[in-house]
Amino acid sequence: MIWWRAAILACALIAPPAAAEKVLRYAFPIAETGFDPVQINDLYSTILLAHIFDSPFGYDYLARPAKVKPKTAAGLPEVSADGKLWTVRIRPGIYFADDPAFGGKKRELTAQDYVYSIKRHWDPKNKSPNLYQLDKRVIGMDAVRKHALAGGKFDYDREVEGLRAIDRYTFRFALTEPTPLLLYYLTSCTLACAVAREVIEAYPDRTMEHPVGTNAYRLTQWRRSSRIVLERNPNYREDYYDAEPPADDPQSQAIAARLRGKRLPMIDRVEVYVVEEAQPRWLAFLNGEHDLIDRLPFEFANLAAPEGRLAPHLQKKQIQMERTNELELIFVYFGMEHPLVGGYSAEKVALRRAIALAVDPEEWIRAVYYGQAIPAQSTVPPGSFGANPDLDSPLAEFNPAKAKALLDVYGYVDRDGDGYRETPDGSKLVLQIASVPDSQGRRQDELWRKFMDRVGLRIEFKKAQWPEHLRDSRAGKLMMWNLGWIASDPDADDFYVILYGPNKGQSNQSRFDLPQWNALYDKAKILSNGSERDRLYREMDKLFFAYAPLRPIAHRTLTGLAQPWLIGYRRNPVMRELWQYLDIDESVLPAQHARAGRVAAAPAR
């Protein structure tokens, strides 16, 4: 017996070591708000959601322009000739991550999960900021919502014609009007990602902190506004790298060739740190503590990439660079229901237009984005389907002299000689803009004070963290706010929804509600990209420019940097998933980082 035990011991001593665990580390500049898809519409929470939950469709990681592809769906949807009936078939054999709510059993994803998850947007208690995408379009759902709003309980079991499961793996939309953009909507995690009803009902007061999905990762650690850790979901389906890069993009072609056929995800754990100040994020990347800086702070862009080329000292380190013109808009909005800056009368419009004329977008771009942006002419960025490449907007003009003349004409004059204007009725005029307490927020404050002093308008700053401002904004409590809107799909419609009256408190933070504009949008939203829709968009632009509910400022150019050991990094402007398409080359990884836990030994299985 002794020799037998010795043999076992010898085998144990020469057994291969446990496989290394690949860990990706990087930082968010803004804190997450939570993990319940129905309650989220901020970028950084959406990035987290998109790795935990699954929508039926997604985007090809490398395809340019954007290309929709099935995720949990068995294929693209079947659409009726009139565009009102959409049928989606889900692949069998996809499972949620384990959770006590499932009673120890593996829980398969079904069509009913999508029906339940999408219905949640109509439930008033969820206060969905994304209902606008389907509101009034799904036959029967308005009646269910109205019953709940009248004091009844939202009835998830009520069968409705517009959204129902046909069988275990098939669900169907019946719509009140053609909705050509529904395919894009069904790629959005904040609208169409599947949750399990058992989980929502097991943790009714913890849905924002207890995510259970079917995607590649699951949440394992969370310190609010500080550190989020996601690890590989053991129940994740067989999924293999199969991206379709453009033929004229050799870098993407090389990535596809290197990774094609690898099982996803390739990285085992993702650690995300919330680091609001730019310098610590930048230094953490330079020191190799972070593998990726997906949105390089603008104040370091010219240091890292002077004239758009990677700096020599970073080239020596074999740092990878990715620069993209984002489908996004930076703007300041005016609260259209606010007694000072809101309203549709001539004097209110004059005040907003004067404020817009006093804003110098070129100086803004130099001071805030260090030249890494272009001035915005309207809400729609170049490159979106339906954008007007020849637009020269009067709302984008910088002209302080015209601003002062406009204020004078409408009675906004300095009556007491203190250098600042009063309202037409003689009362004190103080603008207030929401601002965050970081370095970029401080630079923006300085610009606003300079711009407004130039035309004799007093301005104050309401300082708070971004999630607090978002809450107040949705409730219509802010007078003005610098904000960004980032595309969830490549279509111009995604940038017109921020002005649509019925979307107030959701995508429409300004609460602009002009019947003529709304009527034009109602006609445009049922059309596919084309000349007739473009004609309607131009008419909508004219009304937007005339009433000035917001001042478009810039469309940014973003720079991403990756360490040499990170494989597969490319920026996709409309895609929130990234981590499962990345790998770490351990042969390139410096030994000191491995010893420090950059690639940690995996626990025994």
# chains A, B, ... in the order shown; residues from 1 in each chain; ligands from 1
$ residues_around --residues "Leu175 (chain A)" --least-positions-apart "5" --cutoff "9 Å" --atoms "only C-alpha atoms" --output "list in words"
Gly83, Lys84, Leu85, Trp86, Lys136, Arg137, Val138, Ile139, Gly162 and Leu163 of chain A
$ select_by_dssp --residues "region 417-590 of chain A" --states "strand (DSSP E)" --output "ChimeraX atom specification"
/A:430-435,458-463,480-486,550-562,566-567,583-584
$ residues_around --residues "region 486-503 of chain A" --least-positions-apart "4" --cutoff "8 Å" --atoms "only C-alpha atoms" --output "number ranges by chain"
A: 43, 66, 132, 184-185, 188, 326-329, 379-381, 383-387, 507-515, 517-518, 521, 525, 573-575
$ atom_distance --atom1 "CA of Asp583 (chain A)" --atom2 "CA of Pro92 (chain A)"
27.7 Å
$ residues_around --residues "Phe154 (chain A)" --least-positions-apart "4" --cutoff "7 Å" --atoms "only C-alpha atoms" --output "ChimeraX atom specification"
/A:123,144-145,148
$ atom_distance --atom1 "CA of Pro77 (chain A)" --atom2 "CA of Leu186 (chain A)"
10.0 Å
$ residues_around --residues "region 299-311 of chain A" --least-positions-apart "6" --cutoff "10 Å" --atoms "only C-alpha atoms" --output "NGL selection string"
:A and (278-279 or 282 or 318-323 or 366-372 or 440 or 558-561)
$ closest_residue --among "A:Leu62, A:Ala350, A:Ala81, A:Asp390" --to "Pro424 (chain A)" --atoms "only C-alpha atoms"
A:Ala350
$ residues_around --residues "Arg91 (chain A)" --least-positions-apart "2" --cutoff "8 Å" --atoms "only C-alpha atoms" --output "JSON, numbers by chain"
{"A": [72, 73, 74, 89, 93, 94, 169]}
$ atom_distance --atom1 "CA of Gln253 (chain A)" --atom2 "CA of His555 (chain A)"
27.9 Å
$ closest_residue --among "A:Pro204, A:Pro265, A:Pro280, A:Pro361" --to "Leu24 (chain A)" --atoms "only C-alpha atoms"
A:Pro265
$ closest_residue --among "A:Glu276, A:Asp291, A:Glu198, A:Glu577" --to "Ser226 (chain A)" --atoms "only C-alpha atoms"
A:Glu276
$ residues_around --residues "region 50-56 of chain A" --least-positions-apart "5" --cutoff "10 Å" --atoms "only C-alpha atoms" --output "number ranges by chain"
A: 35-37, 45, 69-77, 88-91, 96-97, 109, 111, 114, 183, 185-195, 211-219, 230-233, 575-580
$ closest_residue --among "A:Ala358, A:Val349, A:Ala405, A:Val430" --to "Phe544 (chain A)" --atoms "only C-alpha atoms"
A:Val349
$ decode --residues "region 25-165 of chain A" --atoms "C-alpha atoms" --output "short mmCIF file (atom, residue, chain, number, x, y, z; two decimals), in the first residue's frame"
data_model
loop_
_atom_site.label_atom_id
_atom_site.label_comp_id
_atom_site.auth_asym_id
_atom_site.auth_seq_id
_atom_site.Cartn_x
_atom_site.Cartn_y
_atom_site.Cartn_z
CA ARG A 25 -8.74 45.69 -15.55
CA TYR A 26 -9.72 49.22 -16.41
CA ALA A 27 -11.68 52.23 -15.16
CA PHE A 28 -14.97 54.03 -15.69
CA PRO A 29 -14.91 57.84 -15.32
CA ILE A 30 -18.51 57.88 -14.07
CA ALA A 31 -20.19 55.65 -11.51
CA GLU A 32 -22.76 53.04 -12.42
CA THR A 33 -26.37 53.58 -11.39
CA GLY A 34 -27.40 49.92 -11.13
CA PHE A 35 -28.03 46.63 -12.91
CA ASP A 36 -31.72 46.39 -13.79
CA PRO A 37 -32.15 46.85 -17.57
CA VAL A 38 -35.62 48.36 -17.26
CA GLN A 39 -34.37 51.24 -15.08
CA ILE A 40 -31.12 52.13 -16.88
CA ASN A 41 -30.20 54.53 -19.67
CA ASP A 42 -26.72 55.79 -18.75
CA LEU A 43 -23.71 54.60 -20.75
CA TYR A 44 -21.59 52.98 -18.08
CA SER A 45 -24.37 50.97 -16.46
CA THR A 46 -25.44 49.90 -19.94
CA ILE A 47 -21.94 48.59 -20.67
CA LEU A 48 -22.15 46.41 -17.57
CA LEU A 49 -25.66 45.20 -18.41
CA ALA A 50 -24.68 44.25 -21.95
CA HIS A 51 -22.15 41.74 -20.64
CA ILE A 52 -24.53 40.15 -18.11
CA PHE A 53 -27.82 40.03 -20.02
CA ASP A 54 -28.74 39.12 -23.60
CA SER A 55 -30.89 40.94 -26.12
CA PRO A 56 -32.17 38.81 -29.01
CA PHE A 57 -29.93 40.64 -31.50
CA GLY A 58 -26.64 42.47 -31.38
CA TYR A 59 -24.00 43.92 -33.66
CA ASP A 60 -21.11 42.27 -35.41
CA TYR A 61 -18.06 43.35 -33.42
CA LEU A 62 -15.87 44.23 -36.42
CA ALA A 63 -18.36 45.01 -39.21
CA ARG A 64 -18.36 48.61 -40.49
CA PRO A 65 -20.88 50.08 -41.10
CA ALA A 66 -22.86 48.56 -38.24
CA LYS A 67 -24.41 45.17 -39.00
CA VAL A 68 -27.11 43.52 -36.88
CA LYS A 69 -26.72 39.80 -36.19
CA PRO A 70 -28.62 37.26 -34.05
CA LYS A 71 -27.48 36.65 -30.48
CA THR A 72 -29.99 34.47 -28.66
CA ALA A 73 -32.27 34.55 -31.71
CA ALA A 74 -32.12 31.71 -34.21
CA GLY A 75 -32.06 34.19 -37.09
CA LEU A 76 -33.20 37.64 -38.08
CA PRO A 77 -36.89 38.42 -37.38
CA GLU A 78 -39.65 37.53 -39.80
CA VAL A 79 -41.48 40.76 -40.74
CA SER A 80 -44.86 41.03 -42.46
CA ALA A 81 -45.22 43.00 -45.68
CA ASP A 82 -46.87 45.92 -43.87
CA GLY A 83 -44.12 46.06 -41.24
CA LYS A 84 -46.54 45.58 -38.31
CA LEU A 85 -46.03 41.91 -37.42
CA TRP A 86 -42.58 40.80 -36.21
CA THR A 87 -41.79 37.21 -35.22
CA VAL A 88 -38.62 36.32 -33.30
CA ARG A 89 -37.43 32.76 -32.72
CA ILE A 90 -35.06 32.01 -29.83
CA ARG A 91 -32.43 29.27 -29.88
CA PRO A 92 -33.03 26.38 -27.46
CA GLY A 93 -30.35 25.45 -24.94
CA ILE A 94 -29.46 28.91 -23.59
CA TYR A 95 -29.36 29.10 -19.78
CA PHE A 96 -29.36 31.76 -17.09
CA ALA A 97 -26.54 31.96 -14.58
CA ASP A 98 -27.31 29.96 -11.44
CA ASP A 99 -29.31 31.67 -8.70
CA PRO A 100 -31.18 30.47 -5.60
CA ALA A 101 -34.39 31.78 -7.17
CA PHE A 102 -34.25 28.81 -9.57
CA GLY A 103 -34.40 26.24 -6.76
CA GLY A 104 -31.19 24.48 -7.72
CA LYS A 105 -32.28 23.76 -11.31
CA LYS A 106 -30.77 25.01 -14.55
CA ARG A 107 -33.09 27.64 -15.97
CA GLU A 108 -33.47 27.78 -19.76
CA LEU A 109 -34.12 31.04 -21.59
CA THR A 110 -37.51 31.01 -23.34
CA ALA A 111 -39.60 33.34 -25.47
CA GLN A 112 -41.74 34.12 -22.44
CA ASP A 113 -38.70 35.64 -20.72
CA TYR A 114 -38.48 38.23 -23.48
CA VAL A 115 -42.21 38.89 -23.33
CA TYR A 116 -42.02 39.42 -19.56
CA SER A 117 -38.86 41.54 -19.75
CA ILE A 118 -40.21 43.87 -22.42
CA LYS A 119 -43.57 44.19 -20.64
CA ARG A 120 -41.72 45.50 -17.59
CA HIS A 121 -41.22 48.82 -19.41
CA TRP A 122 -44.97 49.48 -19.22
CA ASP A 123 -45.12 48.79 -15.47
CA PRO A 124 -45.35 52.26 -13.85
CA LYS A 125 -43.42 51.20 -10.75
CA ASN A 126 -40.30 50.62 -12.87
CA LYS A 127 -40.29 54.18 -14.24
CA SER A 128 -38.63 52.98 -17.42
CA PRO A 129 -36.62 55.69 -19.20
CA ASN A 130 -36.75 53.62 -22.40
CA LEU A 131 -40.47 52.98 -22.84
CA TYR A 132 -40.55 55.73 -25.47
CA GLN A 133 -39.09 53.34 -28.04
CA LEU A 134 -42.20 51.13 -28.02
CA ASP A 135 -44.84 53.28 -26.31
CA LYS A 136 -48.18 53.44 -28.20
CA ARG A 137 -46.85 50.96 -30.74
CA VAL A 138 -47.56 47.55 -29.16
CA ILE A 139 -51.23 46.61 -29.45
CA GLY A 140 -52.86 46.09 -26.05
CA MET A 141 -50.05 47.23 -23.78
CA ASP A 142 -51.43 50.73 -23.19
CA ALA A 143 -54.56 49.24 -21.60
CA VAL A 144 -52.47 47.17 -19.19
CA ARG A 145 -50.47 50.23 -18.20
CA LYS A 146 -53.58 52.42 -17.76
CA HIS A 147 -55.09 49.84 -15.40
CA ALA A 148 -51.95 49.94 -13.25
CA LEU A 149 -51.82 53.74 -13.32
CA ALA A 150 -55.43 53.81 -12.10
CA GLY A 151 -54.36 52.03 -8.94
CA GLY A 152 -54.47 48.42 -9.99
CA LYS A 153 -51.58 46.00 -10.02
CA PHE A 154 -49.70 45.64 -13.29
CA ASP A 155 -50.89 42.35 -14.75
CA TYR A 156 -47.96 40.52 -16.33
CA ASP A 157 -50.15 37.49 -17.03
CA ARG A 158 -52.70 39.39 -19.08
CA GLU A 159 -52.55 38.14 -22.65
CA VAL A 160 -52.17 40.95 -25.16
CA GLU A 161 -52.22 40.73 -28.91
CA GLY A 162 -49.19 42.96 -29.39
CA LEU A 163 -46.61 41.05 -27.34
CA ARG A 164 -46.94 37.36 -26.67
CA ALA A 165 -45.17 34.03 -26.80
#
